[in-house]
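Visitor: One structure follows; several queries about it will come next.
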Amino acid sequence: MTAIPIGVPRRLVEFTLDGQEARVPEGATVLDACRAAGKDVPTLCQGDTLRPKNACRVCVVEVEGSRTLVPACSRRAEPGMEVRTDTERVRHSRKIVLELLASSADLSTTPRAAEWIKEYEAKPDRFGPDAARLNDEPKIDNELYVRDYAKCILCYKCVDACGDQWQNSFAISVAGRGFDARIAVEHDAALTDSACVFCGNCVEVCPTGALSAKREFDLRAAGDWDESRQTETTTVCAYCGVGCTLTLHVQDNEIVKVTSPHDNPVTHGNLCIKGRFGYQHVQNRG
């Protein structure tokens, strides 16, 4: 009989969430508790494979006794704490943050952004046409993925994925200060001249589409990208013996994107250049 490891048991933490009793394992965040309770707390910079960065501030909640609103993505649940997720103060803060983000970046390809802007009655246009927005053209200097910094909200997820949390390539960093802050490679060089190994793990964690696979970018530009027509098939990468799990996104009988499940114990959502981008031979009908 095979033994199945279940991990070390964790003590349950009890606290109050919007007036209701909540119980989560010790070490869980307030956001974890909200999701377990079915509460829709918006967030952009939080990633289930990365440590919280507290960058976007959309997920803030009110904690009794706290002078300021706290980010739910990083605040650990504590015994006896009282959390409120939908107060007037919380909604006003989320509204302002969404207005600031949408006035300074193109959120057209950010999942649920339009829904949240409508829900919180945010009006990004009130800042006027002179709001700081980067209007650079997308950077296309390779055949694997595209960098469209006009959609970047500086959430740092790509920096973390390329750094010590996953890839350890350290090809990506933040350059400049204030309104001039931007994601860049060393000396702002072309991606092909940097330390990038083209694993695409930065693309996987990008929440806004500022980084996207070249195939997806081309299909969107042509108006042919349609997720409603796509199917997903899970398989195992055949390039080496590691056994990475792949999810093939297929549209019109062609693979248009490859990802990996974030809860997979082998990959945790990460792949190498072959696993993520080396699928053309599958549909070579020549």
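Residue names in the structure tokens use chain letters A, B, ... in the order shown, residue numbers from 1 in each chain, and ligand numbers from 1 in the order shown.
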Which residues come within 9 Å of A:Val41, counting only C-alpha atoms, excluding same-chain residues fewer than 4 positions away, as a list in words?
Guide: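 Contacts, with the query itself left out: Leu31, Cys34, Arg35, Val58, Cys59, Val60, Val61, Ala72, Thr85 and Asp86 of chain A.
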Visitor: What's around A:His262 at 12 Å? Count only C-alpha atoms, leave out sequence neighbours fewer than 5 positions away in its own chain, and write the answer as a compact mmCIF listing (two decimals) with all heavy atoms, in the first residue's frame.
Guide:
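Result written to part28.txt:
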```
# COMPACT_ATOMS: atom_id res chain seq x y z
N GLY A 47 0.11 36.95 -7.24
CA GLY A 47 0.29 35.76 -8.06
C GLY A 47 0.42 34.54 -7.18
O GLY A 47 1.09 34.58 -6.14
N ASP A 48 -0.21 33.45 -7.57
CA ASP A 48 -0.21 32.27 -6.71
C ASP A 48 1.11 31.50 -6.74
O ASP A 48 1.28 30.53 -6.00
CB ASP A 48 -1.37 31.34 -7.07
CG ASP A 48 -1.37 30.94 -8.55
OD1 ASP A 48 -0.46 31.40 -9.28
OD2 ASP A 48 -2.26 30.19 -8.95
N THR A 49 2.06 31.92 -7.57
CA THR A 49 3.37 31.26 -7.59
C THR A 49 4.49 32.19 -7.10
O THR A 49 5.65 31.82 -7.14
CB THR A 49 3.72 30.77 -9.01
OG1 THR A 49 3.83 31.90 -9.88
CG2 THR A 49 2.65 29.82 -9.53
N LEU A 50 4.14 33.40 -6.66
CA LEU A 50 5.13 34.39 -6.25
C LEU A 50 4.81 34.95 -4.87
O LEU A 50 3.66 34.93 -4.44
CB LEU A 50 5.19 35.55 -7.26
CG LEU A 50 5.57 35.21 -8.70
CD1 LEU A 50 5.28 36.39 -9.60
CD2 LEU A 50 7.04 34.82 -8.78
N ASN A 201 8.59 32.77 -18.59
CA ASN A 201 7.92 32.73 -17.29
C ASN A 201 7.44 34.12 -16.86
O ASN A 201 6.49 34.24 -16.09
CB ASN A 201 8.86 32.14 -16.23
CG ASN A 201 9.14 30.67 -16.48
OD1 ASN A 201 8.30 29.96 -17.02
ND2 ASN A 201 10.33 30.22 -16.12
N GLU A 204 4.08 34.44 -18.38
CA GLU A 204 3.08 33.66 -17.65
C GLU A 204 2.49 34.44 -16.49
O GLU A 204 1.29 34.32 -16.21
CB GLU A 204 3.73 32.37 -17.12
CG GLU A 204 2.82 31.48 -16.30
CD GLU A 204 1.68 30.88 -17.12
OE1 GLU A 204 1.87 30.70 -18.33
OE2 GLU A 204 0.62 30.61 -16.53
N VAL A 205 3.29 35.26 -15.81
CA VAL A 205 2.80 35.94 -14.61
C VAL A 205 2.29 37.35 -14.88
O VAL A 205 1.69 37.97 -13.99
CB VAL A 205 3.89 36.00 -13.52
CG1 VAL A 205 4.33 34.60 -13.12
CG2 VAL A 205 5.10 36.82 -13.97
N CYS A 244 7.61 17.89 -17.28
CA CYS A 244 6.79 19.10 -17.11
C CYS A 244 5.41 18.91 -17.75
O CYS A 244 5.28 18.34 -18.83
CB CYS A 244 7.48 20.30 -17.76
SG CYS A 244 9.04 20.76 -16.97
N THR A 245 4.40 19.41 -17.06
CA THR A 245 3.04 19.35 -17.57
C THR A 245 2.75 20.57 -18.42
O THR A 245 3.00 21.71 -18.00
CB THR A 245 2.03 19.27 -16.41
OG1 THR A 245 2.27 18.09 -15.66
CG2 THR A 245 0.60 19.25 -16.94
N LEU A 246 2.23 20.35 -19.61
CA LEU A 246 1.88 21.42 -20.53
C LEU A 246 0.37 21.51 -20.70
O LEU A 246 -0.32 20.49 -20.69
CB LEU A 246 2.51 21.19 -21.91
CG LEU A 246 4.01 20.94 -22.01
CD1 LEU A 246 4.40 20.77 -23.47
CD2 LEU A 246 4.80 22.05 -21.36
N THR A 247 -0.12 22.71 -20.87
CA THR A 247 -1.50 22.93 -21.26
C THR A 247 -1.49 23.57 -22.64
O THR A 247 -0.99 24.70 -22.81
CB THR A 247 -2.24 23.85 -20.27
OG1 THR A 247 -2.24 23.24 -18.98
CG2 THR A 247 -3.68 24.07 -20.71
N THR A 267 6.26 21.84 -12.21
CA THR A 267 6.54 23.11 -12.89
C THR A 267 6.11 24.35 -12.11
O THR A 267 6.69 25.41 -12.29
CB THR A 267 5.81 23.14 -14.24
OG1 THR A 267 4.39 23.07 -14.01
CG2 THR A 267 6.24 21.98 -15.12
N HIS A 268 5.05 24.25 -11.32
CA HIS A 268 4.49 25.42 -10.62
C HIS A 268 4.22 26.56 -11.61
O HIS A 268 4.38 27.74 -11.29
CB HIS A 268 5.43 25.91 -9.52
CG HIS A 268 5.72 24.88 -8.48
ND1 HIS A 268 4.81 24.53 -7.49
CD2 HIS A 268 6.81 24.11 -8.26
CE1 HIS A 268 5.33 23.60 -6.72
NE2 HIS A 268 6.53 23.31 -7.17
N GLY A 269 3.82 26.20 -12.83
CA GLY A 269 3.51 27.20 -13.84
C GLY A 269 4.68 27.62 -14.70
O GLY A 269 4.51 28.36 -15.67
N ASN A 270 5.88 27.16 -14.37
CA ASN A 270 7.08 27.58 -15.11
C ASN A 270 7.47 26.55 -16.16
O ASN A 270 7.28 25.36 -15.97
CB ASN A 270 8.24 27.79 -14.13
CG ASN A 270 7.96 28.89 -13.15
OD1 ASN A 270 7.94 30.06 -13.50
ND2 ASN A 270 7.75 28.52 -11.89
N LEU A 271 8.06 27.04 -17.24
CA LEU A 271 8.55 26.18 -18.32
C LEU A 271 9.85 26.74 -18.86
O LEU A 271 10.23 27.88 -18.54
CB LEU A 271 7.51 26.09 -19.45
CG LEU A 271 6.18 25.40 -19.13
CD1 LEU A 271 5.20 25.61 -20.28
CD2 LEU A 271 6.39 23.92 -18.86
```
Visitor: Smallest atom-to-atom distance to A:Glu82: which of A:Leu248, A:Leu154, A:Val13, A:Val63, using only C-alpha atoms?
Guide: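 Looking at the shortest contact to A:Glu82, the residue is A:Val63.
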Visitor: What is the distance, in Å and to one decimal place, between atom CA of A:Gly163 and atom CA of A:Ala105?
Guide: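 It comes out at 24.2 Å.
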Visitor: From a DSSP calculation on the backbone, collect every residue of stretch 1-232 of chain A in alpha helix (DSSP H) and output the set as a short mmCIF file (atom, residue, chain, number, x, y, z; two decimals) with N, CA and C atoms, in the first residue's frame.
Guide:
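Writing the result to out28.cif gives the following:
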```cif
data_model
loop_
_atom_site.label_atom_id
_atom_site.label_comp_id
_atom_site.auth_asym_id
_atom_site.auth_seq_id
_atom_site.Cartn_x
_atom_site.Cartn_y
_atom_site.Cartn_z
N VAL A 30 -5.29 37.06 4.40
CA VAL A 30 -6.69 37.50 4.40
C VAL A 30 -7.32 37.24 3.04
N LEU A 31 -6.53 37.40 1.96
CA LEU A 31 -7.04 37.13 0.62
C LEU A 31 -7.40 35.65 0.47
N ASP A 32 -6.58 34.77 1.03
CA ASP A 32 -6.90 33.33 1.01
C ASP A 32 -8.25 33.09 1.68
N ALA A 33 -8.46 33.74 2.82
CA ALA A 33 -9.72 33.57 3.55
C ALA A 33 -10.90 34.12 2.76
N CYS A 34 -10.69 35.25 2.10
CA CYS A 34 -11.77 35.85 1.30
C CYS A 34 -12.18 34.93 0.16
N ARG A 35 -11.19 34.36 -0.50
CA ARG A 35 -11.50 33.46 -1.61
C ARG A 35 -12.16 32.18 -1.13
N ALA A 36 -11.72 31.68 0.02
CA ALA A 36 -12.35 30.48 0.57
C ALA A 36 -13.80 30.74 0.94
N GLU A 88 -17.30 51.57 2.88
CA GLU A 88 -17.22 52.75 2.02
C GLU A 88 -15.76 53.19 1.83
N ARG A 89 -14.97 53.08 2.90
CA ARG A 89 -13.57 53.45 2.83
C ARG A 89 -12.80 52.54 1.87
N VAL A 90 -13.08 51.25 1.94
CA VAL A 90 -12.42 50.28 1.07
C VAL A 90 -12.81 50.52 -0.39
N ARG A 91 -14.10 50.71 -0.64
CA ARG A 91 -14.57 50.91 -2.01
C ARG A 91 -14.00 52.20 -2.60
N HIS A 92 -13.91 53.24 -1.78
CA HIS A 92 -13.36 54.50 -2.28
C HIS A 92 -11.89 54.34 -2.65
N SER A 93 -11.15 53.62 -1.82
CA SER A 93 -9.72 53.41 -2.11
C SER A 93 -9.54 52.61 -3.39
N ARG A 94 -10.31 51.55 -3.56
CA ARG A 94 -10.20 50.75 -4.77
C ARG A 94 -10.58 51.56 -6.00
N LYS A 95 -11.57 52.40 -5.87
CA LYS A 95 -11.99 53.25 -6.98
C LYS A 95 -10.84 54.16 -7.42
N ILE A 96 -10.19 54.83 -6.44
CA ILE A 96 -9.10 55.74 -6.76
C ILE A 96 -7.93 54.99 -7.41
N VAL A 97 -7.59 53.82 -6.85
CA VAL A 97 -6.47 53.05 -7.39
C VAL A 97 -6.76 52.62 -8.83
N LEU A 98 -7.97 52.15 -9.08
CA LEU A 98 -8.33 51.74 -10.44
C LEU A 98 -8.29 52.92 -11.40
N GLU A 99 -8.72 54.09 -10.93
CA GLU A 99 -8.66 55.28 -11.77
C GLU A 99 -7.22 55.64 -12.10
N LEU A 100 -6.34 55.58 -11.11
CA LEU A 100 -4.94 55.91 -11.34
C LEU A 100 -4.29 54.91 -12.29
N LEU A 101 -4.56 53.62 -12.10
CA LEU A 101 -3.97 52.61 -12.97
C LEU A 101 -4.48 52.74 -14.40
N ALA A 102 -5.79 52.90 -14.55
CA ALA A 102 -6.38 52.95 -15.89
C ALA A 102 -6.04 54.24 -16.61
N SER A 103 -5.70 55.30 -15.88
CA SER A 103 -5.33 56.56 -16.53
C SER A 103 -3.87 56.56 -16.97
N SER A 104 -3.07 55.66 -16.38
CA SER A 104 -1.65 55.65 -16.70
C SER A 104 -1.22 54.44 -17.52
N ALA A 113 -10.57 43.88 -15.60
CA ALA A 113 -10.35 45.29 -15.27
C ALA A 113 -11.59 46.13 -15.57
N ALA A 114 -12.17 45.94 -16.75
CA ALA A 114 -13.37 46.70 -17.12
C ALA A 114 -14.52 46.41 -16.16
N GLU A 115 -14.63 45.17 -15.72
CA GLU A 115 -15.67 44.78 -14.77
C GLU A 115 -15.50 45.50 -13.43
N TRP A 116 -14.27 45.56 -12.96
CA TRP A 116 -14.01 46.23 -11.67
C TRP A 116 -14.19 47.74 -11.78
N ILE A 117 -13.77 48.32 -12.88
CA ILE A 117 -13.95 49.76 -13.09
C ILE A 117 -15.44 50.12 -13.04
N LYS A 118 -16.25 49.27 -13.64
CA LYS A 118 -17.70 49.50 -13.61
C LYS A 118 -18.26 49.28 -12.21
N GLU A 119 -17.82 48.22 -11.53
CA GLU A 119 -18.35 47.90 -10.20
C GLU A 119 -18.06 49.01 -9.19
N LYS A 157 5.96 41.59 -11.06
CA LYS A 157 5.86 40.13 -11.12
C LYS A 157 6.86 39.53 -12.11
N CYS A 158 7.09 40.22 -13.22
CA CYS A 158 8.07 39.72 -14.19
C CYS A 158 9.48 39.77 -13.61
N VAL A 159 9.77 40.82 -12.83
CA VAL A 159 11.08 40.95 -12.20
C VAL A 159 11.31 39.80 -11.22
N ASP A 160 10.29 39.50 -10.42
CA ASP A 160 10.40 38.43 -9.43
C ASP A 160 10.53 37.06 -10.10
N ALA A 161 9.75 36.83 -11.17
CA ALA A 161 9.80 35.54 -11.86
C ALA A 161 11.16 35.33 -12.53
N CYS A 162 11.76 36.41 -13.02
CA CYS A 162 13.07 36.30 -13.67
C CYS A 162 14.20 36.27 -12.64
N ASN A 201 8.59 32.77 -18.59
CA ASN A 201 7.92 32.73 -17.29
C ASN A 201 7.44 34.12 -16.86
N CYS A 202 8.09 35.16 -17.37
CA CYS A 202 7.61 36.52 -17.13
C CYS A 202 6.27 36.74 -17.84
N VAL A 203 6.13 36.16 -19.02
CA VAL A 203 4.87 36.26 -19.77
C VAL A 203 3.74 35.57 -18.99
N GLU A 204 4.08 34.44 -18.38
CA GLU A 204 3.08 33.66 -17.65
C GLU A 204 2.49 34.44 -16.49
N VAL A 205 3.29 35.26 -15.81
CA VAL A 205 2.80 35.94 -14.61
C VAL A 205 2.29 37.35 -14.88
N LYS A 214 4.28 36.01 -28.92
CA LYS A 214 4.21 36.65 -30.24
C LYS A 214 3.01 36.15 -31.02
N ARG A 215 2.70 34.86 -30.91
CA ARG A 215 1.56 34.30 -31.64
C ARG A 215 0.26 34.93 -31.15
N GLU A 216 0.10 35.08 -29.85
CA GLU A 216 -1.10 35.72 -29.32
C GLU A 216 -1.17 37.18 -29.74
N PHE A 217 -0.04 37.87 -29.68
CA PHE A 217 -0.01 39.28 -30.07
C PHE A 217 -0.44 39.45 -31.53
N ASP A 218 0.06 38.60 -32.41
CA ASP A 218 -0.29 38.70 -33.83
C ASP A 218 -1.77 38.42 -34.06
N LEU A 219 -2.30 37.41 -33.36
CA LEU A 219 -3.71 37.09 -33.53
C LEU A 219 -4.60 38.21 -33.01
N ARG A 220 -4.22 38.81 -31.88
CA ARG A 220 -5.00 39.93 -31.35
C ARG A 220 -4.95 41.12 -32.31
N ALA A 221 -3.77 41.38 -32.88
CA ALA A 221 -3.63 42.50 -33.82
C ALA A 221 -4.49 42.30 -35.06
#
```
Visitor: If we count only C-alpha atoms and set the cut-off at 12 Å, which residues sit around A:Glu186, ignoring sequence neighbours fewer than 6 positions away in its own chain? Please answer as a ChimeraX atom specification.
Guide: /A:169-175,192-196
Visitor: Check the DSSP output for the backbone and give back, as an MDAnalysis selection string, the residues of stretch 104-187 of chain A in strand (DSSP E or B).
Guide: chainID A and resid 139 145:147 173:175 182:184
Visitor: Please report the interatomic distance between atom CA of A:Glu78 and atom CA of A:Gly19 in Å with one decimal.
Guide: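 These two atoms are separated by 15.3 Å.
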